[in-house]
file final.csv (CSV, C-alpha atoms)
chain,number,residue,atom,x,y,z
A,28,MET,CA,42.7,-60.1,-50.6
A,29,ALA,CA,40.8,-56.9,-51.4
A,30,GLN,CA,41.8,-53.8,-49.5
A,31,LYS,CA,39.3,-52.9,-46.7
A,32,TYR,CA,38.8,-49.2,-46.3
A,33,ILE,CA,37.1,-47.4,-43.4
A,34,LYS,CA,33.7,-46.2,-44.4
A,35,ILE,CA,30.9,-43.9,-43.1
A,36,GLY,CA,29.3,-45.3,-40.0
A,37,ASP,CA,32.3,-47.4,-39.0
A,38,LEU,CA,33.7,-47.1,-35.4
A,39,ILE,CA,37.3,-45.9,-35.7
A,40,PRO,CA,40.0,-48.4,-34.8
A,41,ASN,CA,41.4,-48.1,-31.3
A,42,VAL,CA,45.1,-47.5,-31.8
A,43,TYR,CA,47.7,-45.9,-29.6
A,44,TYR,CA,49.9,-43.1,-30.6
A,45,ARG,CA,52.7,-41.4,-28.6
A,46,ILE,CA,52.9,-37.7,-27.9
A,47,LYS,CA,54.9,-35.5,-25.6
A,48,VAL,CA,53.2,-34.2,-22.5
A,49,GLY,CA,55.5,-31.9,-20.5
A,50,ALA,CA,58.8,-33.7,-20.1
A,51,ARG,CA,57.3,-37.2,-20.6
A,52,ASN,CA,56.0,-39.3,-23.4
A,53,ALA,CA,52.4,-40.3,-23.2
A,54,ASP,CA,50.5,-43.1,-25.1
A,55,VAL,CA,47.1,-41.9,-26.2
A,56,SER,CA,44.2,-44.1,-27.4
A,57,THR,CA,42.3,-42.8,-30.4
A,58,GLN,CA,39.0,-43.9,-28.9
A,59,GLN,CA,39.7,-42.2,-25.6
A,60,GLN,CA,41.1,-39.1,-27.2
A,61,PHE,CA,38.3,-38.7,-29.8
A,62,ALA,CA,35.3,-39.9,-27.6
A,63,GLY,CA,32.5,-37.3,-27.4
A,64,LYS,CA,34.2,-35.0,-29.9
A,65,LYS,CA,33.6,-33.9,-33.4
A,66,ILE,CA,37.0,-34.0,-35.1
A,67,ILE,CA,38.7,-33.7,-38.5
A,68,ILE,CA,41.7,-35.8,-39.2
A,69,PHE,CA,43.7,-35.1,-42.4
A,70,SER,CA,46.8,-36.9,-43.5
A,71,VAL,CA,50.0,-35.8,-45.2
A,72,PRO,CA,52.1,-38.6,-46.6
A,73,CYS,CA,55.5,-36.9,-46.1
A,74,PRO,CA,56.1,-33.9,-43.9
A,75,PHE,CA,59.0,-31.9,-45.2
A,76,PHE,CA,58.3,-33.3,-48.7
A,77,ALA,CA,58.6,-30.1,-50.8
A,78,GLU,CA,55.9,-27.5,-50.3
A,79,TYR,CA,52.8,-29.7,-51.0
A,80,PRO,CA,52.0,-31.0,-47.5
A,81,SER,CA,52.6,-27.5,-46.1
A,82,ARG,CA,50.0,-25.9,-48.3
A,83,MET,CA,47.4,-28.5,-47.3
A,84,ALA,CA,48.1,-28.1,-43.6
A,85,ILE,CA,48.2,-24.3,-43.8
A,86,GLY,CA,44.8,-24.4,-45.3
A,87,TYR,CA,43.4,-26.2,-42.3
A,88,GLU,CA,45.2,-23.7,-40.0
A,89,GLU,CA,43.8,-20.7,-41.9
A,90,ASN,CA,40.2,-22.1,-41.9
A,91,ILE,CA,40.1,-23.4,-38.4
A,92,ALA,CA,37.6,-20.7,-37.2
A,93,GLU,CA,35.2,-21.6,-40.0
A,94,LEU,CA,35.6,-25.3,-39.4
A,95,LYS,CA,34.9,-24.9,-35.7
A,96,SER,CA,31.8,-22.8,-36.5
A,97,PHE,CA,30.3,-26.0,-37.9
A,98,GLY,CA,30.7,-27.8,-34.6
A,99,ILE,CA,34.2,-29.2,-35.1
A,100,ASP,CA,36.0,-29.5,-31.7
A,101,GLU,CA,39.5,-30.4,-32.9
A,102,ILE,CA,41.5,-30.8,-36.0
A,103,TYR,CA,44.4,-33.3,-36.3
A,104,CYS,CA,47.1,-33.8,-38.8
A,105,THR,CA,48.4,-37.4,-39.2
A,106,SER,CA,51.3,-38.8,-41.0
A,107,THR,CA,53.2,-42.1,-40.9
A,108,THR,CA,56.0,-40.6,-38.8
A,109,ASP,CA,56.9,-40.0,-35.2
A,110,TYR,CA,55.7,-37.2,-32.9
A,111,PHE,CA,59.0,-35.3,-33.0
A,112,THR,CA,59.2,-35.1,-36.8
A,113,LEU,CA,55.5,-34.2,-37.1
A,114,MET,CA,55.8,-31.5,-34.4
A,115,ALA,CA,59.0,-30.1,-36.0
A,116,TRP,CA,57.2,-29.9,-39.4
A,117,LEU,CA,54.1,-28.3,-37.9
A,118,LYS,CA,56.2,-25.8,-36.0
A,119,SER,CA,58.3,-25.0,-39.2
A,120,GLN,CA,55.0,-24.1,-40.9
A,121,ASN,CA,53.8,-21.9,-38.0
A,122,ILE,CA,50.9,-24.3,-37.5
A,123,THR,CA,49.7,-24.0,-33.9
A,124,GLN,CA,46.0,-24.8,-33.8
A,125,VAL,CA,46.1,-28.2,-35.7
A,126,LEU,CA,47.0,-31.0,-33.3
A,127,PRO,CA,49.5,-33.8,-34.1
A,128,PHE,CA,48.4,-37.4,-34.6
A,129,PRO,CA,51.7,-39.2,-35.3
A,130,ASP,CA,51.3,-42.7,-36.8
A,131,GLY,CA,54.9,-43.8,-36.5
A,132,ASN,CA,54.2,-47.6,-36.7
A,133,SER,CA,51.5,-47.1,-39.4
A,134,GLN,CA,48.9,-48.9,-37.3
A,135,TRP,CA,46.2,-46.3,-37.9
A,136,ALA,CA,46.8,-46.0,-41.7
A,137,THR,CA,46.9,-49.8,-42.0
A,138,GLN,CA,43.7,-50.3,-40.0
A,139,ILE,CA,41.7,-47.7,-42.0
A,140,GLY,CA,43.0,-49.0,-45.3
A,141,PHE,CA,45.1,-46.0,-46.3
A,142,LEU,CA,48.7,-47.4,-46.1
A,143,VAL,CA,50.4,-47.4,-49.5
A,144,ASP,CA,53.7,-48.8,-50.6
A,145,ASN,CA,56.0,-46.2,-52.0
A,146,SER,CA,59.1,-48.3,-52.0
A,147,GLU,CA,59.6,-47.7,-55.7
A,148,GLU,CA,60.2,-44.0,-54.9
A,149,TYR,CA,62.4,-45.0,-51.9
A,150,LEU,CA,59.9,-43.6,-49.5
A,151,GLY,CA,58.7,-46.8,-47.8
A,152,TYR,CA,55.2,-47.1,-46.6
A,153,ARG,CA,53.2,-43.9,-46.3
A,154,THR,CA,49.6,-42.9,-45.5
A,155,HIS,CA,47.5,-42.0,-48.5
A,156,ARG,CA,46.1,-38.5,-48.5
A,157,TYR,CA,42.6,-38.3,-47.0
A,158,CYS,CA,40.4,-36.3,-44.6
A,159,MET,CA,37.9,-37.8,-42.2
A,160,ILE,CA,35.1,-36.2,-40.2
A,161,ILE,CA,34.5,-38.2,-37.0
A,162,ASP,CA,31.7,-37.8,-34.5
A,163,ASP,CA,32.2,-39.5,-31.2
A,164,CYS,CA,34.5,-42.2,-32.7
A,165,ARG,CA,32.2,-42.9,-35.7
A,166,VAL,CA,33.1,-41.9,-39.2
A,167,LYS,CA,30.8,-39.3,-40.5
A,168,LYS,CA,32.5,-38.6,-43.9
A,169,VAL,CA,35.6,-39.7,-45.7
A,170,PHE,CA,37.3,-37.7,-48.4
A,171,TYR,CA,40.4,-39.2,-50.2
A,172,GLU,CA,42.4,-38.5,-53.3
A,173,ASN,CA,42.2,-40.7,-56.3
A,174,PHE,CA,44.7,-43.5,-55.9
A,175,THR,CA,45.9,-43.0,-59.5
A,176,HIS,CA,47.2,-39.5,-58.7
A,177,ASP,CA,50.4,-38.6,-57.0
A,178,MET,CA,49.6,-38.7,-53.3
A,179,HIS,CA,52.3,-36.3,-52.5
A,180,THR,CA,51.1,-33.4,-54.6
A,181,CYS,CA,47.3,-33.9,-55.1
A,182,PHE,CA,44.9,-32.6,-52.6
A,183,THR,CA,41.9,-31.5,-54.5
A,184,GLU,CA,39.4,-33.6,-52.6
A,185,THR,CA,40.9,-33.3,-49.1
A,186,ASN,CA,41.8,-29.6,-48.8
A,187,ALA,CA,40.2,-27.4,-46.0
A,188,GLU,CA,38.2,-25.4,-48.5
A,189,LYS,CA,36.5,-28.5,-49.8
A,190,ILE,CA,35.7,-29.6,-46.2
A,191,CYS,CA,34.3,-26.2,-45.3
A,192,GLN,CA,32.1,-26.4,-48.5
A,193,TYR,CA,30.9,-29.9,-47.5
A,194,LEU,CA,30.0,-28.8,-43.9
A,195,SER,CA,28.2,-25.7,-45.2
A,196,GLN,CA,26.1,-27.7,-47.6
A,197,ALA,CA,25.5,-30.5,-45.0
A,198,GLU,CA,24.0,-28.0,-42.5
A,199,ASN,CA,20.8,-28.0,-44.6
A,200,THR,CA,20.6,-31.6,-45.8
A,201,TRP,CA,19.9,-35.0,-44.4
A,202,GLU,CA,23.7,-35.4,-43.9
A,203,GLN,CA,23.5,-32.7,-41.3
A,204,PHE,CA,26.5,-32.5,-39.1
A,205,GLN,CA,24.9,-31.5,-35.8
A,206,LYS,CA,26.3,-28.6,-33.9
A,207,GLY,CA,26.6,-28.6,-30.1

call {"tool": "encode", "arguments": {"input": "final.csv", "output": "structure tokens"}}
result
Amino acid sequence: MAQKYIKIGDLIPNVYYRIKVGARNADVSTQQQFAGKKIIIFSVPCPFFAEYPSRMAIGYEENIAELKSFGIDEIYCTSTTDYFTLMAWLKSQNITQVLPFPDGNSQWATQIGFLVDNSEEYLGYRTHRYCMIIDDCRVKKVFYENFTHDMHTCFTETNAEKICQYLSQAENTWEQFQKG
């Protein structure tokens, strides 16, 4: 069976992910959390995997003001790991403005078509590296790294600078990402 990837115009899948709210755990629905918002979700296959995921995430943190100037409400980092690991990694990188989107059971990565088997590297199943722009739960744009490259180190198509460049160019084209 051919792999089905999420594409422009698709409604995002409604999956639940768990976060910590105060002293309690809370299950959050993607469609409820992202409804009415313009968001960016970028993925890192392995937090704490050398320095490569850190550089990608730090790029989003450093460019958050510019990204928000294009009408982006929130930016999320996702990985096929639990909330506690993702938060520990974000904290270790001094990333405070990017929100966590843990995908511990790989439901999100599976439903959008970006779950890859890294068993040969003893890393299990991981999310492929991608970035999506979502507007009110609909996919506006998908960027992803070539599947023939090392997903752990390659982020030429999904880095924050590339997304800023796209949003800047889209302001004056038919692909316009509406502000406000």

call {"tool": "residues_around", "arguments": {"input": "final.csv", "residues": "stretch 134-140 of chain A", "least_positions_apart": "3", "cutoff": "12 Å", "atoms": "all atoms listed in the file", "output": "mmCIF file with C-alpha atoms, in the coordinates of the input"}}
result
data_model
loop_
_atom_site.group_PDB
_atom_site.id
_atom_site.type_symbol
_atom_site.label_atom_id
_atom_site.label_comp_id
_atom_site.auth_asym_id
_atom_site.auth_seq_id
_atom_site.Cartn_x
_atom_site.Cartn_y
_atom_site.Cartn_z
ATOM 1 C CA ALA A 29 40.800 -56.900 -51.400
ATOM 2 C CA GLN A 30 41.800 -53.800 -49.500
ATOM 3 C CA LYS A 31 39.300 -52.900 -46.700
ATOM 4 C CA TYR A 32 38.800 -49.200 -46.300
ATOM 5 C CA ILE A 33 37.100 -47.400 -43.400
ATOM 6 C CA LYS A 34 33.700 -46.200 -44.400
ATOM 7 C CA ILE A 35 30.900 -43.900 -43.100
ATOM 8 C CA ASP A 37 32.300 -47.400 -39.000
ATOM 9 C CA LEU A 38 33.700 -47.100 -35.400
ATOM 10 C CA ILE A 39 37.300 -45.900 -35.700
ATOM 11 C CA PRO A 40 40.000 -48.400 -34.800
ATOM 12 C CA ASN A 41 41.400 -48.100 -31.300
ATOM 13 C CA VAL A 42 45.100 -47.500 -31.800
ATOM 14 C CA TYR A 43 47.700 -45.900 -29.600
ATOM 15 C CA TYR A 44 49.900 -43.100 -30.600
ATOM 16 C CA SER A 56 44.200 -44.100 -27.400
ATOM 17 C CA THR A 57 42.300 -42.800 -30.400
ATOM 18 C CA GLN A 58 39.000 -43.900 -28.900
ATOM 19 C CA ILE A 68 41.700 -35.800 -39.200
ATOM 20 C CA PHE A 69 43.700 -35.100 -42.400
ATOM 21 C CA SER A 70 46.800 -36.900 -43.500
ATOM 22 C CA VAL A 71 50.000 -35.800 -45.200
ATOM 23 C CA PRO A 72 52.100 -38.600 -46.600
ATOM 24 C CA THR A 105 48.400 -37.400 -39.200
ATOM 25 C CA SER A 106 51.300 -38.800 -41.000
ATOM 26 C CA THR A 107 53.200 -42.100 -40.900
ATOM 27 C CA THR A 108 56.000 -40.600 -38.800
ATOM 28 C CA PHE A 128 48.400 -37.400 -34.600
ATOM 29 C CA PRO A 129 51.700 -39.200 -35.300
ATOM 30 C CA ASP A 130 51.300 -42.700 -36.800
ATOM 31 C CA GLY A 131 54.900 -43.800 -36.500
ATOM 32 C CA VAL A 143 50.400 -47.400 -49.500
ATOM 33 C CA ASP A 144 53.700 -48.800 -50.600
ATOM 34 C CA TYR A 152 55.200 -47.100 -46.600
ATOM 35 C CA ARG A 153 53.200 -43.900 -46.300
ATOM 36 C CA THR A 154 49.600 -42.900 -45.500
ATOM 37 C CA HIS A 155 47.500 -42.000 -48.500
ATOM 38 C CA ARG A 156 46.100 -38.500 -48.500
ATOM 39 C CA TYR A 157 42.600 -38.300 -47.000
ATOM 40 C CA CYS A 158 40.400 -36.300 -44.600
ATOM 41 C CA MET A 159 37.900 -37.800 -42.200
ATOM 42 C CA VAL A 166 33.100 -41.900 -39.200
ATOM 43 C CA VAL A 169 35.600 -39.700 -45.700
ATOM 44 C CA TYR A 171 40.400 -39.200 -50.200
#

call {"tool": "closest_residue", "arguments": {"input": "final.csv", "among": "A:Ala187, A:Ala53, A:Leu113, A:Cys73", "to": "A:Glu89", "atoms": "all atoms listed in the file"}}
result
A:Ala187

call {"tool": "residues_around", "arguments": {"input": "final.csv", "residues": "A:Gly86", "least_positions_apart": "6", "cutoff": "12 Å", "atoms": "all atoms listed in the file", "output": "ChimeraX atom specification"}}
result
/A:69,79-80,92-94,102,104,120-122,124-125,182-183,185-191

call {"tool": "atom_distance", "arguments": {"input": "final.csv", "atom1": "atom CA of A:Asn132", "atom2": "atom CA of A:Lys168"}}
result
24.6 Å

call {"tool": "atom_distance", "arguments": {"input": "final.csv", "atom1": "atom CA of A:Gly98", "atom2": "atom CA of A:Glu184"}}
result
20.8 Å

call {"tool": "atom_distance", "arguments": {"input": "final.csv", "atom1": "atom CA of A:Ala84", "atom2": "atom CA of A:Glu198"}}
result
24.1 Å

call {"tool": "build_atoms", "arguments": {"input": "final.csv", "residues": "stretch 30-42 of chain A", "atoms": "N, CA and C atoms", "output": "mmCIF file, keeping the file's coordinate frame"}}
result
data_model
loop_
_atom_site.group_PDB
_atom_site.id
_atom_site.type_symbol
_atom_site.label_atom_id
_atom_site.label_comp_id
_atom_site.auth_asym_id
_atom_site.auth_seq_id
_atom_site.Cartn_x
_atom_site.Cartn_y
_atom_site.Cartn_z
ATOM 1 N N GLN A 30 41.472 -54.785 -50.510
ATOM 2 C CA GLN A 30 41.800 -53.800 -49.500
ATOM 3 C C GLN A 30 40.474 -53.380 -48.789
ATOM 4 N N LYS A 31 40.486 -53.305 -47.468
ATOM 5 C CA LYS A 31 39.300 -52.900 -46.700
ATOM 6 C C LYS A 31 39.558 -51.440 -46.236
ATOM 7 N N TYR A 32 38.691 -50.563 -46.703
ATOM 8 C CA TYR A 32 38.800 -49.200 -46.300
ATOM 9 C C TYR A 32 37.735 -48.828 -45.283
ATOM 10 N N ILE A 33 38.067 -47.910 -44.404
ATOM 11 C CA ILE A 33 37.100 -47.400 -43.400
ATOM 12 C C ILE A 33 35.992 -46.712 -44.194
ATOM 13 N N LYS A 34 34.779 -46.796 -43.683
ATOM 14 C CA LYS A 34 33.700 -46.200 -44.400
ATOM 15 C C LYS A 34 32.734 -45.450 -43.403
ATOM 16 N N ILE A 35 31.824 -44.701 -43.947
ATOM 17 C CA ILE A 35 30.900 -43.900 -43.100
ATOM 18 C C ILE A 35 30.117 -44.891 -42.222
ATOM 19 N N GLY A 36 30.010 -44.503 -40.970
ATOM 20 C CA GLY A 36 29.300 -45.300 -40.000
ATOM 21 C C GLY A 36 30.207 -46.219 -39.165
ATOM 22 N N ASP A 37 31.417 -46.480 -39.670
ATOM 23 C CA ASP A 37 32.300 -47.400 -39.000
ATOM 24 C C ASP A 37 32.835 -46.712 -37.669
ATOM 25 N N LEU A 38 33.042 -47.549 -36.657
ATOM 26 C CA LEU A 38 33.700 -47.100 -35.400
ATOM 27 C C LEU A 38 35.218 -47.069 -35.778
ATOM 28 N N ILE A 39 35.884 -46.006 -35.362
ATOM 29 C CA ILE A 39 37.300 -45.900 -35.700
ATOM 30 C C ILE A 39 38.084 -46.979 -34.936
ATOM 31 N N PRO A 40 39.206 -47.416 -35.495
ATOM 32 C CA PRO A 40 40.000 -48.400 -34.800
ATOM 33 C C PRO A 40 40.629 -47.770 -33.529
ATOM 34 N N ASN A 41 40.818 -48.585 -32.527
ATOM 35 C CA ASN A 41 41.400 -48.100 -31.300
ATOM 36 C C ASN A 41 42.932 -48.401 -31.388
ATOM 37 N N VAL A 42 43.692 -47.401 -31.773
ATOM 38 C CA VAL A 42 45.100 -47.500 -31.800
ATOM 39 C C VAL A 42 45.748 -46.528 -30.856
#
